[in-house]
$ cat upload25.tsv   # TSV, C-alpha atoms
chain	number	residue	atom	x	y	z
A	1	MET	CA	64.16	44.15	160.75
A	2	ASN	CA	62.81	41.03	159.04
A	3	MET	CA	65.38	39.41	156.74
A	4	ASP	CA	62.86	38.12	154.23
A	5	MET	CA	63.14	40.36	151.17
A	6	LYS	CA	64.59	39.09	147.92
A	7	ILE	CA	65.44	41.55	145.17
A	8	GLY	CA	66.30	40.93	141.54
A	9	ILE	CA	68.79	42.83	139.38
A	10	ASP	CA	68.49	42.79	135.61
A	11	ALA	CA	72.04	43.35	134.36
A	12	SER	CA	71.47	41.65	131.02
A	13	ARG	CA	72.29	44.86	129.10
A	14	ASN	CA	75.38	45.87	131.11
A	15	ARG	CA	77.81	45.78	128.19
A	16	SER	CA	79.70	49.05	128.69
A	17	GLY	CA	82.65	49.36	131.02
A	18	GLY	CA	80.85	51.88	133.21
A	19	ALA	CA	77.75	49.70	133.58
A	20	LYS	CA	79.86	46.70	134.53
A	21	ALA	CA	81.87	48.75	137.03
A	22	HIS	CA	78.64	49.99	138.64
A	23	LEU	CA	77.28	46.49	139.22
A	24	ILE	CA	80.60	45.15	140.48
A	25	GLY	CA	81.04	48.18	142.73
A	26	ILE	CA	77.67	47.99	144.48
A	27	LEU	CA	77.73	44.19	144.90
A	28	THR	CA	81.26	44.33	146.32
A	29	GLU	CA	80.48	47.06	148.87
A	30	CYS	CA	76.84	46.47	149.80
A	31	HIS	CA	75.47	44.98	153.03
A	32	PRO	CA	71.96	43.78	152.13
A	33	GLU	CA	71.13	42.72	155.68
A	34	LYS	CA	71.01	46.40	156.68
A	35	GLN	CA	67.90	46.77	154.51
A	36	GLY	CA	66.30	43.47	155.50
A	37	ILE	CA	67.35	41.86	152.22
A	38	LYS	CA	67.86	38.10	152.38
A	39	GLU	CA	68.97	37.47	148.80
A	40	ILE	CA	69.99	39.37	145.69
A	41	HIS	CA	69.41	37.61	142.37
A	42	VAL	CA	71.32	38.85	139.32
A	43	TRP	CA	70.50	38.04	135.70
A	44	ALA	CA	73.46	38.65	133.38
A	45	PHE	CA	75.71	37.15	130.72
A	46	ARG	CA	78.41	34.73	131.86
A	47	SER	CA	81.48	36.95	131.44
A	48	LEU	CA	79.92	39.59	133.72
A	49	LEU	CA	78.73	37.08	136.32
A	50	ASP	CA	82.28	35.72	136.50
A	51	GLN	CA	83.51	39.19	137.56
A	52	LEU	CA	81.00	39.55	140.40
A	53	PRO	CA	82.00	38.83	144.00
A	54	HIS	CA	80.96	35.62	145.71
A	55	HIS	CA	78.53	36.00	148.62
A	56	PRO	CA	76.12	33.47	150.17
A	57	TRP	CA	73.28	35.94	149.58
A	58	LEU	CA	74.15	36.53	145.89
A	59	ILE	CA	72.47	34.20	143.39
A	60	LYS	CA	73.61	34.43	139.78
A	61	HIS	CA	71.38	33.55	136.82
A	62	ASN	CA	72.71	32.99	133.29
A	63	PRO	CA	69.84	32.28	130.85
A	64	ILE	CA	71.09	30.82	127.57
A	65	ALA	CA	69.46	33.68	125.66
A	66	LEU	CA	71.99	36.12	127.12
A	67	GLU	CA	74.80	34.32	125.27
A	68	GLN	CA	72.93	34.64	121.97
A	69	PRO	CA	72.47	37.54	119.48
A	70	LEU	CA	70.90	40.80	120.69
A	71	PHE	CA	67.47	40.09	119.22
A	72	LYS	CA	67.13	36.89	121.26
A	73	GLN	CA	68.31	38.74	124.37
A	74	LEU	CA	65.58	41.34	123.88
A	75	VAL	CA	62.92	38.70	123.31
A	76	TRP	CA	63.98	36.96	126.52
A	77	GLN	CA	63.87	40.23	128.45
A	78	ALA	CA	60.41	41.08	127.10
A	79	THR	CA	58.81	37.66	127.47
A	80	ALA	CA	60.66	35.55	130.04
A	81	LEU	CA	62.48	37.72	132.58
A	82	ALA	CA	59.42	38.75	134.60
A	83	GLY	CA	58.47	35.11	135.06
A	84	GLU	CA	61.98	34.16	136.14
A	85	VAL	CA	62.07	37.00	138.67
A	86	LYS	CA	58.73	35.89	140.08
A	87	SER	CA	59.82	32.24	140.24
A	88	ALA	CA	62.92	33.26	142.19
A	89	GLY	CA	60.65	34.87	144.78
A	90	CYS	CA	61.95	38.39	144.22
A	91	ALA	CA	59.78	41.17	145.63
A	92	ILE	CA	61.14	43.91	143.36
A	93	LEU	CA	63.33	44.21	140.25
A	94	PHE	CA	66.16	46.71	139.85
A	95	SER	CA	66.92	47.30	136.16
A	96	THR	CA	70.41	48.72	135.65
A	97	ASP	CA	69.59	49.75	132.07
A	98	ALA	CA	66.70	52.06	131.25
A	99	SER	CA	66.15	50.48	127.82
A	100	THR	CA	64.35	47.59	129.46
A	101	LEU	CA	61.48	45.73	127.84
A	102	CYS	CA	60.56	43.90	131.05
A	103	ARG	CA	57.20	44.71	132.65
A	104	PHE	CA	57.78	43.28	136.11
A	105	LYS	CA	56.21	45.27	138.94
A	106	PRO	CA	57.38	46.82	141.15
A	107	MET	CA	60.56	47.92	139.40
A	108	VAL	CA	63.26	50.54	139.95
A	109	VAL	CA	65.07	51.74	136.81
A	110	LEU	CA	68.58	53.23	136.67
A	111	SER	CA	69.29	55.91	134.06
A	112	GLN	CA	72.85	55.72	132.69
A	113	ASP	CA	72.45	56.99	129.10
A	114	MET	CA	72.08	60.60	127.90
A	115	LEU	CA	72.77	60.40	124.16
A	116	SER	CA	69.08	60.27	123.22
A	117	TYR	CA	68.23	63.23	125.47
A	118	GLU	CA	71.05	65.78	125.36
A	119	PRO	CA	69.92	68.80	123.29
A	120	GLY	CA	71.98	69.20	120.13
A	121	VAL	CA	73.65	65.79	120.20
A	122	MET	CA	71.50	64.29	117.44
A	123	ARG	CA	73.07	66.64	114.89
A	124	TYR	CA	76.38	64.84	115.29
A	125	PHE	CA	74.88	61.66	113.85
A	126	GLY	CA	73.09	62.89	110.72
A	127	TYR	CA	69.92	61.13	109.55
A	128	GLY	CA	71.06	57.52	109.27
A	129	LEU	CA	70.66	54.37	111.33
A	130	THR	CA	72.39	55.82	114.39
A	131	ARG	CA	69.78	58.56	114.70
A	132	LEU	CA	66.96	56.03	114.29
A	133	ARG	CA	68.54	53.85	116.97
A	134	LEU	CA	68.80	56.79	119.39
A	135	LEU	CA	65.18	57.77	118.76
A	136	ALA	CA	64.07	54.19	119.42
A	137	ILE	CA	66.08	54.14	122.66
A	138	LEU	CA	64.48	57.42	123.72
A	139	ALA	CA	60.97	56.00	123.21
A	140	ILE	CA	61.79	52.75	125.04
A	141	GLN	CA	63.44	54.52	127.96
A	142	ASN	CA	60.65	57.05	128.36
A	143	LEU	CA	58.16	54.18	128.54
A	144	ALA	CA	60.31	52.36	131.10
A	145	PHE	CA	60.63	55.49	133.26
A	146	ARG	CA	56.86	56.01	133.28
A	147	ARG	CA	56.13	52.36	134.12
A	148	ALA	CA	58.67	52.14	136.93
A	149	GLU	CA	57.77	52.72	140.56
A	150	ALA	CA	60.96	54.76	140.92
A	151	VAL	CA	63.97	55.95	138.93
A	152	ILE	CA	67.58	56.50	139.99
A	153	PHE	CA	69.53	59.28	138.25
A	154	LEU	CA	73.29	59.77	138.46
A	155	THR	CA	73.14	63.58	138.42
A	156	ARG	CA	70.55	66.28	138.95
A	157	TYR	CA	71.29	67.54	135.45
A	158	ALA	CA	70.33	64.17	133.94
A	159	ALA	CA	67.11	64.07	135.97
A	160	LYS	CA	66.12	67.54	134.79
A	161	VAL	CA	66.81	66.96	131.09
A	162	ILE	CA	65.26	63.49	130.93
A	163	GLN	CA	62.09	64.54	132.74
A	164	GLN	CA	61.66	67.31	130.18
A	165	SER	CA	61.17	64.46	127.71
A	166	CYS	CA	59.38	61.74	129.68
A	167	GLY	CA	57.44	63.99	132.04
A	168	ALA	CA	57.71	64.50	135.79
A	169	LEU	CA	58.32	61.23	137.64
A	170	PRO	CA	56.73	60.59	141.05
A	171	SER	CA	59.71	58.99	142.80
A	172	ILE	CA	63.35	59.69	141.97
A	173	ALA	CA	66.73	59.54	143.70
A	174	TYR	CA	70.12	61.02	142.86
A	175	ILE	CA	72.79	58.36	143.42
A	176	PRO	CA	76.06	58.91	141.54
A	177	HIS	CA	78.48	56.14	140.68
A	178	GLY	CA	81.49	55.52	142.83
A	179	VAL	CA	85.14	55.71	141.83
A	180	ASP	CA	87.58	52.89	142.48
A	181	ALA	CA	89.77	53.46	145.54
A	182	ALA	CA	92.86	53.03	143.35
A	183	PHE	CA	92.31	56.54	141.98
A	184	GLN	CA	92.14	58.11	145.45
A	185	GLN	CA	95.30	56.23	146.39
A	186	SER	CA	97.22	57.17	143.20
A	187	GLN	CA	98.23	60.78	143.57
A	188	ALA	CA	99.76	63.00	140.91
A	189	VAL	CA	103.22	63.78	142.26
A	190	ASN	CA	104.90	65.48	139.32
A	191	SER	CA	106.32	68.92	140.00
A	192	TRP	CA	105.12	71.51	137.51
A	193	PRO	CA	107.61	71.76	134.62
A	194	GLU	CA	110.09	74.62	134.77
A	195	ALA	CA	110.03	77.15	131.94
A	196	GLY	CA	112.26	75.83	129.19
A	197	GLY	CA	112.23	72.35	130.72
A	198	ARG	CA	110.21	69.28	129.86
A	199	PRO	CA	106.79	69.72	128.20
A	200	ILE	CA	103.55	70.06	130.15
A	201	ARG	CA	101.85	66.71	129.67
A	202	CYS	CA	98.11	66.97	129.00
A	203	ILE	CA	95.87	63.90	128.95
A	204	TYR	CA	92.30	63.27	127.77
A	205	VAL	CA	90.79	59.86	128.61
A	206	SER	CA	87.74	58.91	126.53
A	207	ASN	CA	86.79	56.94	123.46
A	208	THR	CA	86.78	59.01	120.28
A	209	ASP	CA	83.27	60.10	119.31
A	210	MET	CA	81.55	63.05	117.71
A	211	TYR	CA	80.41	64.46	121.06
A	212	LYS	CA	83.83	64.02	122.67
A	213	HIS	CA	85.55	66.67	120.49
A	214	GLN	CA	89.09	65.29	120.61
A	215	TRP	CA	89.99	67.06	117.36
A	216	VAL	CA	89.05	70.42	118.88
A	217	VAL	CA	91.39	69.71	121.79
A	218	VAL	CA	94.20	69.00	119.31
A	219	LYS	CA	93.54	72.38	117.68
A	220	ALA	CA	93.65	74.07	121.10
A	221	ILE	CA	96.97	72.47	122.02
A	222	SER	CA	98.36	73.51	118.64
A	223	LEU	CA	97.26	77.11	119.30
A	224	LEU	CA	98.99	77.12	122.68
A	225	ARG	CA	102.20	75.73	121.22
A	226	LYS	CA	102.19	78.54	118.67
A	227	ARG	CA	101.97	80.96	121.62
A	228	GLY	CA	105.14	79.47	123.04
A	229	HIS	CA	103.72	76.97	125.55
A	230	ASN	CA	105.50	73.62	125.46
A	231	LEU	CA	102.61	71.14	125.66
A	232	THR	CA	102.03	67.55	124.65
A	233	LEU	CA	98.69	65.74	124.45
A	234	ARG	CA	97.96	62.09	125.11
A	235	LEU	CA	94.55	60.85	123.92
A	236	VAL	CA	93.56	57.60	125.61
A	237	GLY	CA	90.65	55.43	124.49
A	238	GLY	CA	90.91	54.81	120.77
A	239	GLY	CA	88.01	55.07	118.38
A	240	LYS	CA	86.62	54.47	114.92
A	241	GLY	CA	84.20	55.92	112.41
A	242	PRO	CA	83.72	59.57	111.42
A	243	ALA	CA	85.05	61.01	114.70
A	244	GLN	CA	88.29	59.04	114.47
A	245	GLN	CA	88.74	60.06	110.84
A	246	LEU	CA	88.14	63.71	111.73
A	247	LEU	CA	90.68	63.44	114.53
A	248	GLN	CA	93.27	61.89	112.23
A	249	ASP	CA	92.69	64.62	109.63
A	250	VAL	CA	93.23	67.37	112.21
A	251	ILE	CA	96.36	65.68	113.61
A	252	ALA	CA	97.75	65.37	110.06
A	253	ILE	CA	97.50	69.15	109.70
A	254	ALA	CA	98.40	70.27	113.24
A	255	ASP	CA	101.08	67.70	114.04
A	256	PRO	CA	102.20	65.94	110.84
A	257	GLY	CA	105.49	64.87	112.40
A	258	GLY	CA	103.88	63.32	115.48
A	259	VAL	CA	105.72	65.72	117.77
A	260	PHE	CA	103.11	66.52	120.42
A	261	VAL	CA	99.99	64.33	119.94
A	262	LYS	CA	99.89	60.64	120.81
A	263	GLN	CA	96.77	58.48	120.71
A	264	LEU	CA	96.54	55.25	122.67
A	265	GLU	CA	93.97	52.55	122.08
A	266	PHE	CA	91.67	51.22	124.79
A	267	LEU	CA	93.52	50.40	128.00
A	268	PRO	CA	92.41	48.18	130.89
A	269	HIS	CA	90.77	50.27	133.59
A	270	ASN	CA	93.35	49.10	136.12
A	271	ASP	CA	96.08	50.83	134.10
A	272	LEU	CA	94.46	54.27	134.25
A	273	PRO	CA	95.49	55.41	137.76
A	274	ALA	CA	99.18	55.05	136.95
A	275	LEU	CA	98.69	56.71	133.56
A	276	LEU	CA	96.97	59.70	135.13
A	277	THR	CA	99.73	60.20	137.68
A	278	GLU	CA	102.20	60.62	134.80
A	279	ALA	CA	100.26	63.65	133.49
A	280	ASP	CA	100.36	67.30	134.52
A	281	LEU	CA	96.93	68.46	133.34
A	282	PHE	CA	93.64	66.72	132.53
A	283	VAL	CA	91.37	67.84	129.71
A	284	PHE	CA	87.75	66.68	129.42
A	285	ALA	CA	85.89	67.96	126.36
A	286	SER	CA	82.72	65.86	126.19
A	287	SER	CA	79.41	67.59	125.50
A	288	CYS	CA	77.18	64.66	126.55
A	289	GLU	CA	77.45	62.61	129.74
A	290	ASN	CA	75.05	61.18	132.29
A	291	MET	CA	77.84	61.13	134.85
A	292	PRO	CA	81.44	61.80	133.74
A	293	VAL	CA	83.29	59.03	135.61
A	294	THR	CA	86.67	59.67	133.96
A	295	LEU	CA	86.42	63.29	135.08
A	296	VAL	CA	85.87	62.22	138.69
A	297	GLU	CA	88.80	59.81	138.42
A	298	ALA	CA	91.07	62.69	137.41
A	299	MET	CA	89.68	64.77	140.29
A	300	ALA	CA	90.53	61.94	142.69
A	301	VAL	CA	94.10	61.60	141.40
A	302	GLY	CA	94.70	65.31	141.95
A	303	LEU	CA	95.27	66.73	138.48
A	304	PRO	CA	94.43	70.34	137.54
A	305	ILE	CA	91.47	70.11	135.18
A	306	ALA	CA	90.23	72.01	132.15
A	307	CYS	CA	86.70	70.82	131.47
A	308	SER	CA	83.70	71.15	129.19
A	309	ASN	CA	80.94	73.48	130.38
A	310	ARG	CA	78.20	71.24	128.94
A	311	GLY	CA	75.90	68.68	130.52
A	312	PRO	CA	76.50	67.67	134.15
A	313	MET	CA	80.18	68.59	134.09
A	314	PRO	CA	79.75	71.95	135.92
A	315	GLU	CA	77.59	70.17	138.53
A	316	VAL	CA	80.25	67.51	139.16
A	317	LEU	CA	83.40	69.64	138.91
A	318	ALA	CA	81.87	72.78	140.46
A	319	ASP	CA	84.74	75.16	141.25
A	320	GLY	CA	87.37	72.42	141.05
A	321	GLY	CA	88.55	73.31	137.55
A	322	VAL	CA	88.37	75.77	134.66
A	323	CYS	CA	85.53	75.30	132.17
A	324	PHE	CA	85.38	75.89	128.41
A	325	ASP	CA	83.17	75.51	125.34
A	326	PRO	CA	84.14	72.05	123.97
A	327	GLU	CA	83.40	73.06	120.38
A	328	ASP	CA	85.63	76.16	120.46
A	329	ALA	CA	89.41	75.66	120.26
A	330	ASP	CA	90.05	79.22	121.45
A	331	SER	CA	87.90	78.63	124.54
A	332	ILE	CA	89.74	75.39	125.35
A	333	ALA	CA	93.10	77.08	124.84
A	334	GLU	CA	92.12	79.96	127.13
A	335	ALA	CA	91.08	77.58	129.93
A	336	ILE	CA	94.31	75.59	129.68
A	337	GLU	CA	96.36	78.78	129.55
A	338	GLN	CA	94.77	80.04	132.77
A	339	ILE	CA	95.91	76.86	134.50
A	340	ILE	CA	99.39	77.02	133.00
A	341	GLN	CA	99.99	80.62	134.04
A	342	SER	CA	98.83	80.49	137.67
A	343	SER	CA	100.36	78.19	140.27
A	344	ALA	CA	97.87	79.53	142.84
A	345	LEU	CA	94.96	78.55	140.60
A	346	ARG	CA	96.42	75.09	140.04
A	347	LEU	CA	96.78	74.47	143.77
A	348	SER	CA	93.29	75.77	144.50
A	349	ILE	CA	91.44	73.71	141.90
A	350	VAL	CA	93.40	70.54	142.65
A	351	GLN	CA	92.55	70.74	146.36
A	352	ARG	CA	88.90	71.54	145.66
A	353	ALA	CA	88.48	68.78	143.07
A	354	LYS	CA	90.14	66.27	145.38
A	355	THR	CA	87.72	67.15	148.17
A	356	LEU	CA	84.71	66.92	145.85
A	357	SER	CA	85.82	63.52	144.54
A	358	GLN	CA	85.64	61.92	147.97
A	359	GLN	CA	81.84	61.79	147.87
A	360	TYR	CA	81.99	59.41	144.89
A	361	ASN	CA	82.64	56.03	146.49
A	362	TRP	CA	81.09	52.62	145.97
A	363	LYS	CA	80.10	52.12	149.61
A	364	ARG	CA	77.88	55.19	149.52
A	365	CYS	CA	76.50	54.20	146.13
A	366	ALA	CA	75.75	50.66	147.31
A	367	ASP	CA	74.13	51.72	150.59
A	368	GLU	CA	71.94	54.38	149.00
A	369	THR	CA	70.93	52.16	146.08
A	370	LEU	CA	69.79	49.21	148.19
A	371	ALA	CA	68.06	51.51	150.68
A	372	PHE	CA	66.13	53.20	147.87
A	373	VAL	CA	65.16	49.90	146.21
A	374	ALA	CA	63.99	48.44	149.54
A	375	GLU	CA	62.06	51.58	150.46
A	376	THR	CA	60.42	51.63	147.02
A	377	TYR	CA	59.18	48.08	147.57
A	378	ARG	CA	57.79	48.88	151.02
A	379	ARG	CA	56.11	52.01	149.70
A	380	SER	CA	54.54	50.04	146.83
A	381	LYS	CA	52.82	47.77	149.34
A	382	THR	CA	51.11	50.57	151.27

$ encode --input "upload25.tsv" --output "structure tokens"
Amino acid sequence: MNMDMKIGIDASRNRSGGAKAHLIGILTECHPEKQGIKEIHVWAFRSLLDQLPHHPWLIKHNPIALEQPLFKQLVWQATALAGEVKSAGCAILFSTDASTLCRFKPMVVLSQDMLSYEPGVMRYFGYGLTRLRLLAILAIQNLAFRRAEAVIFLTRYAAKVIQQSCGALPSIAYIPHGVDAAFQQSQAVNSWPEAGGRPIRCIYVSNTDMYKHQWVVVKAISLLRKRGHNLTLRLVGGGKGPAQQLLQDVIAIADPGGVFVKQLEFLPHNDLPALLTEADLFVFASSCENMPVTLVEAMAVGLPIACSNRGPMPEVLADGGVCFDPEDADSIAEAIEQIIQSSALRLSIVQRAKTLSQQYNWKRCADETLAFVAETYRRSKT
């Protein structure tokens, strides 16, 4: 295989933790020579470039515009990026954010955002600036998907829903994110609490937002405590705005003395494996995800899981947990109660979820991503 291909990666919009983890994961685990790739050029802001591994084949670009306000970043992406990619000799561009304004061809686009597409989510945001922003993102992403030679989706669910909006796309791949090996290596070892002993420790890891439904989980835990189940709930991720206020209002009613609910602010990702191993049961109540990485992390650690039945969650968790309606406290309580009352069910879903989680690794993600990008380039030349 000729080692003459150079590919570019536009990571200029990789501001979220998940987007950063994806880029770091694939560049740490990939072997570009397997696909005939000589060099990989990455355009990103300095703090992200500093986190990337060092390889002789990895060339990092830090245009000054990417350290400036968002408007200047967008202008650079729309007017200058394509020229820089061409000057670097790149044969194809891989955009890790679908809200790209770049018109370089050929290009592969990665879809990582579902907020603009998930049916029913818009109602959480009213009719203000947030809704306008999401509608603008939807229009920009649909245009990017149609212009691209190929699109990578994280789940089949995301591909189905997004193509209902942008139309059928000619070339797509399903390549889920990986999960850090630390989660596979950090196993939940707590014995299930004896009746009348310590409380059953539930944990929900996610930022507080309207589509995350933390306040409904608090109501569900309160219901179960009233039925005699000794449960506590740790909410990890922090938050602000209307969702955080709603959560605080519900906690003030359900747990005014701070007996069973504790909320932690954002924690470094490296701290999460140890935190998960301290828990007995994982709750995931989001109604909008492209790929629920924190869910897969809990699967890898080996926690019994009660999970939302919305979005791609049933696809990812399959029969490795008990599902519920994330907007119904009674439904959440019933799912958790099933897990509490059956040791056989707990063992079964933990083993199944652990097995399912093993497919989500960065080596697979890296190999499949580079292979698809390289194949897309070769196909574009025929």

$ atom_distance --input "upload25.tsv" --atom1 "CA of Ile59 (chain A)" --atom2 "CA of Tyr377 (chain A)"
19.7 Å

$ residues_around --input "upload25.tsv" --residues "Pro63 (chain A)" --least-positions-apart "6" --cutoff "10 Å" --atoms "all atoms listed in the file" --output "MDAnalysis selection string"
chainID A and resid 12 43:46 73 76 80:81 84

$ write_last_selection --input "upload25.tsv" --atoms "C-alpha atoms" --output "PDB file, keeping the file's coordinate frame"
ATOM      1  CA  SER A  12      71.470  41.650 131.020  1.00  0.00           C
ATOM      2  CA  TRP A  43      70.500  38.040 135.700  1.00  0.00           C
ATOM      3  CA  ALA A  44      73.460  38.650 133.380  1.00  0.00           C
ATOM      4  CA  PHE A  45      75.710  37.150 130.720  1.00  0.00           C
ATOM      5  CA  ARG A  46      78.410  34.730 131.860  1.00  0.00           C
ATOM      6  CA  GLN A  73      68.310  38.740 124.370  1.00  0.00           C
ATOM      7  CA  TRP A  76      63.980  36.960 126.520  1.00  0.00           C
ATOM      8  CA  ALA A  80      60.660  35.550 130.040  1.00  0.00           C
ATOM      9  CA  LEU A  81      62.480  37.720 132.580  1.00  0.00           C
ATOM     10  CA  GLU A  84      61.980  34.160 136.140  1.00  0.00           C
TER      11      GLU A  84
END

$ closest_residue --input "upload25.tsv" --among "A:Asp10, A:Asp4, A:Glu67, A:Asp367" --to "Ala91 (chain A)" --atoms "only C-alpha atoms"
A:Asp4

$ atom_distance --input "upload25.tsv" --atom1 "CA of Gln185 (chain A)" --atom2 "CA of Gly320 (chain A)"
18.8 Å

$ closest_residue --input "upload25.tsv" --among "A:Gln244, A:Thr232, A:Asn207, A:Ser111" --to "Leu154 (chain A)" --atoms "all atoms listed in the file"
A:Ser111

$ residues_around --input "upload25.tsv" --residues "Val250 (chain A)" --least-positions-apart "2" --cutoff "9 Å" --atoms "all atoms listed in the file" --output "list in words"
Trp215, Val216, Val218, Lys219, Gln245, Leu246, Leu247, Gln248, Ala252, Ile253, Ala254 and Asp255 of chain A

$ write_last_selection --input "upload25.tsv" --atoms "C-alpha atoms" --output "PDB file, in the frame of the given file"
ATOM      1  CA  TRP A 215      89.990  67.060 117.360  1.00  0.00           C
ATOM      2  CA  VAL A 216      89.050  70.420 118.880  1.00  0.00           C
ATOM      3  CA  VAL A 218      94.200  69.000 119.310  1.00  0.00           C
ATOM      4  CA  LYS A 219      93.540  72.380 117.680  1.00  0.00           C
ATOM      5  CA  GLN A 245      88.740  60.060 110.840  1.00  0.00           C
ATOM      6  CA  LEU A 246      88.140  63.710 111.730  1.00  0.00           C
ATOM      7  CA  LEU A 247      90.680  63.440 114.530  1.00  0.00           C
ATOM      8  CA  GLN A 248      93.270  61.890 112.230  1.00  0.00           C
ATOM      9  CA  ALA A 252      97.750  65.370 110.060  1.00  0.00           C
ATOM     10  CA  ILE A 253      97.500  69.150 109.700  1.00  0.00           C
ATOM     11  CA  ALA A 254      98.400  70.270 113.240  1.00  0.00           C
ATOM     12  CA  ASP A 255     101.080  67.700 114.040  1.00  0.00           C
TER      13      ASP A 255
END

$ closest_residue --input "upload25.tsv" --among "A:Glu194, A:Asp113, A:Glu118, A:Asp319" --to "Gln351 (chain A)" --atoms "all atoms listed in the file"
A:Asp319

$ atom_distance --input "upload25.tsv" --atom1 "CA of Gln77 (chain A)" --atom2 "CA of His31 (chain A)"
27.6 Å

$ closest_residue --input "upload25.tsv" --among "A:Tyr174, A:Tyr360, A:Phe94, A:Phe260" --to "Leu235 (chain A)" --atoms "only C-alpha atoms"
A:Phe260

$ residues_around --input "upload25.tsv" --residues "region 196-199 of chain A" --least-positions-apart "2" --cutoff "9 Å" --atoms "all atoms listed in the file" --output "compact mmCIF listing (two decimals) with C-alpha atoms, keeping the file's coordinate frame"
# COMPACT_ATOMS: atom_id res chain seq x y z
CA PRO A 193 107.61 71.76 134.62
CA GLU A 194 110.09 74.62 134.77
CA ARG A 201 101.85 66.71 129.67
CA HIS A 229 103.72 76.97 125.55
CA ASN A 230 105.50 73.62 125.46
CA LEU A 231 102.61 71.14 125.66
CA THR A 232 102.03 67.55 124.65

$ residues_around --input "upload25.tsv" --residues "Pro304 (chain A)" --least-positions-apart "3" --cutoff "10 Å" --atoms "all atoms listed in the file" --output "PDB file with C-alpha atoms, in the frame of the given file"
ATOM      1  CA  ALA A 188      99.760  63.000 140.910  1.00  0.00           C
ATOM      2  CA  CYS A 202      98.110  66.970 129.000  1.00  0.00           C
ATOM      3  CA  ALA A 279     100.260  63.650 133.490  1.00  0.00           C
ATOM      4  CA  ASP A 280     100.360  67.300 134.520  1.00  0.00           C
ATOM      5  CA  LEU A 281      96.930  68.460 133.340  1.00  0.00           C
ATOM      6  CA  PHE A 282      93.640  66.720 132.530  1.00  0.00           C
ATOM      7  CA  VAL A 283      91.370  67.840 129.710  1.00  0.00           C
ATOM      8  CA  ALA A 298      91.070  62.690 137.410  1.00  0.00           C
ATOM      9  CA  MET A 299      89.680  64.770 140.290  1.00  0.00           C
ATOM     10  CA  VAL A 301      94.100  61.600 141.400  1.00  0.00           C
ATOM     11  CA  CYS A 307      86.700  70.820 131.470  1.00  0.00           C
ATOM     12  CA  GLY A 320      87.370  72.420 141.050  1.00  0.00           C
ATOM     13  CA  GLY A 321      88.550  73.310 137.550  1.00  0.00           C
ATOM     14  CA  VAL A 322      88.370  75.770 134.660  1.00  0.00           C
ATOM     15  CA  ILE A 336      94.310  75.590 129.680  1.00  0.00           C
ATOM     16  CA  ILE A 339      95.910  76.860 134.500  1.00  0.00           C
ATOM     17  CA  ILE A 340      99.390  77.020 133.000  1.00  0.00           C
ATOM     18  CA  LEU A 345      94.960  78.550 140.600  1.00  0.00           C
ATOM     19  CA  ARG A 346      96.420  75.090 140.040  1.00  0.00           C
ATOM     20  CA  LEU A 347      96.780  74.470 143.770  1.00  0.00           C
ATOM     21  CA  SER A 348      93.290  75.770 144.500  1.00  0.00           C
ATOM     22  CA  ILE A 349      91.440  73.710 141.900  1.00  0.00           C
ATOM     23  CA  VAL A 350      93.400  70.540 142.650  1.00  0.00           C
ATOM     24  CA  GLN A 351      92.550  70.740 146.360  1.00  0.00           C
ATOM     25  CA  ARG A 352      88.900  71.540 145.660  1.00  0.00           C
ATOM     26  CA  ALA A 353      88.480  68.780 143.070  1.00  0.00           C
ATOM     27  CA  LYS A 354      90.140  66.270 145.380  1.00  0.00           C
TER      28      LYS A 354
END

$ residues_near_point --input "upload25.tsv" --point "(97.3, 56.8, 134.2)" --cutoff "10 Å" --atoms "all atoms listed in the file" --output "list in words"
Phe183, Ser186, Ala188, Ile203, Val205, Val236, Leu267, His269, Asn270, Asp271, Leu272, Pro273, Ala274, Leu275, Leu276, Thr277, Glu278, Ala279, Glu297, Ala298 and Val301 of chain A

$ residues_near_point --input "upload25.tsv" --point "(103.2, 79.7, 122.7)" --cutoff "12 Å" --atoms "only C-alpha atoms" --output "PyMOL selection string"
chain A and resi 195-196+199+220-231+333-334+337+340-341

$ residues_around --input "upload25.tsv" --residues "region 128-137 of chain A" --least-positions-apart "2" --cutoff "9 Å" --atoms "all atoms listed in the file" --output "short mmCIF file (atom, residue, chain, number, x, y, z; two decimals) with C-alpha atoms, keeping the file's coordinate frame"
data_model
loop_
_atom_site.label_atom_id
_atom_site.label_comp_id
_atom_site.auth_asym_id
_atom_site.auth_seq_id
_atom_site.Cartn_x
_atom_site.Cartn_y
_atom_site.Cartn_z
CA ALA A 98 66.70 52.06 131.25
CA SER A 99 66.15 50.48 127.82
CA LEU A 115 72.77 60.40 124.16
CA SER A 116 69.08 60.27 123.22
CA TYR A 117 68.23 63.23 125.47
CA MET A 122 71.50 64.29 117.44
CA ARG A 123 73.07 66.64 114.89
CA PHE A 125 74.88 61.66 113.85
CA GLY A 126 73.09 62.89 110.72
CA ALA A 139 60.97 56.00 123.21
CA ILE A 140 61.79 52.75 125.04
CA GLN A 141 63.44 54.52 127.96
CA ASN A 142 60.65 57.05 128.36
#

$ closest_residue --input "upload25.tsv" --among "A:Thr355, A:Ser343, A:Gln263, A:Gln184" --to "Ala318 (chain A)" --atoms "all atoms listed in the file"
A:Thr355

$ closest_residue --input "upload25.tsv" --among "A:Ala11, A:Ala335, A:Cys323, A:Cys288" --to "Tyr157 (chain A)" --atoms "all atoms listed in the file"
A:Cys288
